[in-house]
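Colleague: After the structure tokens below, expect a handful of questions from me.
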Amino acid sequence: MSTIATERRRNTPRLARFLAGDYEREIEELDDDTRARERVMLGLRLDDPLPIAGLEHALDPAGLARVEQLGLAERGDDTLTLTQRGRYLGGAVTAALLG
């Protein structure tokens with residue numbers, strides 16, 4: 001599977017057919033909301049702060065306030081970072097941030 005610009009591409013998961021050149025490619029068009037939510041989800045897994053410019057619409061303001069209040073995430077000028085405790089609870093924190 002790969003994502004290029006706004007398309008997610010996936011080949012048929014049959015190795016023998018793929019090697020024989022007889023495969024189908026599925027292409028899924030990703031909308032802006034999906035791309036932003038995935039950027040948040042994947043970006044919070046990194047060690048570097050996540051630049052959130054342009055991603056604000058994907059973040060739930062109440063969820064963001066809650067995870068900040070609980071000390072699970074910290075906002076910089078235009079960034080968002082999970083705290084050490086927030087990284088241990090990364091999946092739940094991300095779910096709260098995305099509403």
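Residue names in the structure tokens use chain letters A, B, ... in the order shown, residue numbers from 1 in each chain, and ligand numbers from 1 in the order shown.
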Could you go through segment 5-91 of chain A and tell me which residues DSSP, when run on the backbone, assigns to strand (DSSP E or B), listing them as a PyMOL selection string?
Modeller: chain A and resi 7-11+25-29+50-51+73-75+79-82
Colleague: Write a file of the selected residues as a PDB file, in the first residue's frame, keeping N, CA and C atoms.
Modeller:
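As written to disk, out-v9.pdb reads:
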ATOM      1  N   GLU A   7      -4.142  10.026  -3.374  1.00  0.00           N
ATOM      2  CA  GLU A   7      -4.550   8.657  -3.710  1.00  0.00           C
ATOM      3  C   GLU A   7      -3.830   7.627  -2.845  1.00  0.00           C
ATOM      4  N   ARG A   8      -4.608   6.689  -2.339  1.00  0.00           N
ATOM      5  CA  ARG A   8      -4.027   5.530  -1.650  1.00  0.00           C
ATOM      6  C   ARG A   8      -4.146   4.365  -2.630  1.00  0.00           C
ATOM      7  N   ARG A   9      -3.031   3.710  -2.891  1.00  0.00           N
ATOM      8  CA  ARG A   9      -3.003   2.621  -3.870  1.00  0.00           C
ATOM      9  C   ARG A   9      -2.660   1.311  -3.183  1.00  0.00           C
ATOM     10  N   ARG A  10      -3.325   0.265  -3.636  1.00  0.00           N
ATOM     11  CA  ARG A  10      -3.062  -1.059  -3.076  1.00  0.00           C
ATOM     12  C   ARG A  10      -3.223  -2.089  -4.188  1.00  0.00           C
ATOM     13  N   ASN A  11      -2.263  -3.002  -4.267  1.00  0.00           N
ATOM     14  CA  ASN A  11      -2.323  -4.093  -5.225  1.00  0.00           C
ATOM     15  C   ASN A  11      -3.054  -5.272  -4.606  1.00  0.00           C
ATOM     16  N   ARG A  25      -5.224  -3.214  -9.215  1.00  0.00           N
ATOM     17  CA  ARG A  25      -4.806  -2.135  -8.322  1.00  0.00           C
ATOM     18  C   ARG A  25      -6.055  -1.386  -7.868  1.00  0.00           C
ATOM     19  N   GLU A  26      -6.191  -1.270  -6.577  1.00  0.00           N
ATOM     20  CA  GLU A  26      -7.286  -0.491  -6.009  1.00  0.00           C
ATOM     21  C   GLU A  26      -6.769   0.913  -5.734  1.00  0.00           C
ATOM     22  N   ILE A  27      -7.548   1.902  -6.101  1.00  0.00           N
ATOM     23  CA  ILE A  27      -7.177   3.286  -5.842  1.00  0.00           C
ATOM     24  C   ILE A  27      -8.306   3.935  -5.062  1.00  0.00           C
ATOM     25  N   GLU A  28      -7.946   4.483  -3.900  1.00  0.00           N
ATOM     26  CA  GLU A  28      -8.905   5.157  -3.039  1.00  0.00           C
ATOM     27  C   GLU A  28      -8.550   6.643  -3.011  1.00  0.00           C
ATOM     28  N   GLU A  29      -9.495   7.483  -3.333  1.00  0.00           N
ATOM     29  CA  GLU A  29      -9.279   8.928  -3.289  1.00  0.00           C
ATOM     30  C   GLU A  29      -9.496   9.403  -1.857  1.00  0.00           C
ATOM     31  N   LEU A  50       4.628  17.740  16.205  1.00  0.00           N
ATOM     32  CA  LEU A  50       3.785  17.733  15.002  1.00  0.00           C
ATOM     33  C   LEU A  50       3.384  19.155  14.654  1.00  0.00           C
ATOM     34  N   PRO A  51       3.775  19.655  13.472  1.00  0.00           N
ATOM     35  CA  PRO A  51       3.283  20.976  13.045  1.00  0.00           C
ATOM     36  C   PRO A  51       1.777  20.874  12.781  1.00  0.00           C
ATOM     37  N   ALA A  73      -0.447  15.933  26.519  1.00  0.00           N
ATOM     38  CA  ALA A  73       0.033  16.611  25.313  1.00  0.00           C
ATOM     39  C   ALA A  73       0.348  18.051  25.659  1.00  0.00           C
ATOM     40  N   GLU A  74       1.242  18.633  24.868  1.00  0.00           N
ATOM     41  CA  GLU A  74       1.635  20.027  25.048  1.00  0.00           C
ATOM     42  C   GLU A  74       1.595  20.716  23.697  1.00  0.00           C
ATOM     43  N   ARG A  75       1.047  21.927  23.697  1.00  0.00           N
ATOM     44  CA  ARG A  75       1.019  22.729  22.484  1.00  0.00           C
ATOM     45  C   ARG A  75       2.148  23.738  22.512  1.00  0.00           C
ATOM     46  N   THR A  79       2.735  23.778  17.119  1.00  0.00           N
ATOM     47  CA  THR A  79       3.052  22.359  17.183  1.00  0.00           C
ATOM     48  C   THR A  79       2.267  21.679  18.301  1.00  0.00           C
ATOM     49  N   LEU A  80       2.249  20.374  18.220  1.00  0.00           N
ATOM     50  CA  LEU A  80       1.628  19.546  19.244  1.00  0.00           C
ATOM     51  C   LEU A  80       2.573  18.381  19.514  1.00  0.00           C
ATOM     52  N   THR A  81       2.804  18.103  20.788  1.00  0.00           N
ATOM     53  CA  THR A  81       3.701  17.028  21.188  1.00  0.00           C
ATOM     54  C   THR A  81       3.058  16.229  22.299  1.00  0.00           C
ATOM     55  N   LEU A  82       3.185  14.922  22.227  1.00  0.00           N
ATOM     56  CA  LEU A  82       2.741  14.093  23.336  1.00  0.00           C
ATOM     57  C   LEU A  82       3.813  14.110  24.410  1.00  0.00           C
TER      58      LEU A  82
END
Colleague: Within chain A, find each residue whose DSSP state, derived from the backbone, is alpha helix (DSSP H), and express the selection as a VMD selection string.
Modeller: chain A and resid 15 to 19 32 to 43 61 to 69 84 to 88 90 to 98
Colleague: Gly99 of chain A: which residues within 10 Å, counting only C-alpha atoms, same-chain residues fewer than 5 positions away excluded, as a PyMOL selection string?
Modeller: chain A and resi 58-64+93-94
Colleague: Could you please determine the separation between atom CA of Leu70 of chain A and atom CA of Thr83 of chain A in Å, to one decimal place?
Modeller: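 Distance between the two atoms: 10.2 Å.
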Colleague: A:Gly71, A:Ala65, A:Arg87, A:Leu19: which is nearest Leu46 of chain A, counting only C-alpha atoms?
Modeller: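 Of A:Gly71, A:Ala65, A:Arg87, A:Leu19, the one nearest Leu46 of chain A, counting only C-alpha atoms, is A:Arg87.
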Colleague: So that I can see what lies close to Gly54 of chain A, please list as a list in words the residues with an atom at most 12 Å from it, counting only C-alpha atoms and leaving out residues fewer than 6 positions away in the same chain.
Modeller: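 Once the nearby chain positions are removed, what remains is Asp32, Asp33, Arg35, Ala36, Arg37, Arg39, Val40, Asp78 and Thr79 of chain A.
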Colleague: Next, write the just-selected residues to a file, as a CSV table (one decimal), in the first residue's frame, keeping N, CA, C and O atoms as the atom set.
Modeller:
chain,number,residue,atom,x,y,z
A,32,ASP,N,-9.7,15.7,2.1
A,32,ASP,CA,-8.8,16.5,3.0
A,32,ASP,C,-9.0,16.2,4.4
A,32,ASP,O,-8.0,16.2,5.2
A,33,ASP,N,-10.2,15.9,4.9
A,33,ASP,CA,-10.4,15.5,6.3
A,33,ASP,C,-9.6,14.2,6.6
A,33,ASP,O,-9.0,14.1,7.7
A,35,ARG,N,-7.0,12.9,5.1
A,35,ARG,CA,-5.6,13.2,5.1
A,35,ARG,C,-5.1,13.9,6.3
A,35,ARG,O,-4.1,13.6,6.9
A,36,ALA,N,-5.9,14.9,6.8
A,36,ALA,CA,-5.5,15.6,8.0
A,36,ALA,C,-5.5,14.7,9.2
A,36,ALA,O,-4.6,14.7,10.1
A,37,ARG,N,-6.6,13.9,9.4
A,37,ARG,CA,-6.7,13.0,10.5
A,37,ARG,C,-5.6,12.0,10.5
A,37,ARG,O,-5.0,11.7,11.6
A,39,ARG,N,-2.6,12.4,9.2
A,39,ARG,CA,-1.4,13.2,9.5
A,39,ARG,C,-1.2,13.3,11.0
A,39,ARG,O,-0.1,13.2,11.5
A,40,VAL,N,-2.3,13.7,11.7
A,40,VAL,CA,-2.3,13.8,13.1
A,40,VAL,C,-1.9,12.4,13.7
A,40,VAL,O,-1.0,12.3,14.6
A,78,ASP,N,3.0,26.5,17.0
A,78,ASP,CA,2.2,25.9,16.0
A,78,ASP,C,2.5,24.4,16.0
A,78,ASP,O,2.5,23.7,14.9
A,79,THR,N,2.7,23.8,17.1
A,79,THR,CA,3.1,22.4,17.2
A,79,THR,C,2.3,21.7,18.3
A,79,THR,O,1.7,22.3,19.2
Colleague: Taking into account only C-alpha atoms, which residue in the set A:Leu44, A:Ala96, A:Leu55, A:Leu15 is nearest to Glu68 of chain A?
Modeller: A:Ala96
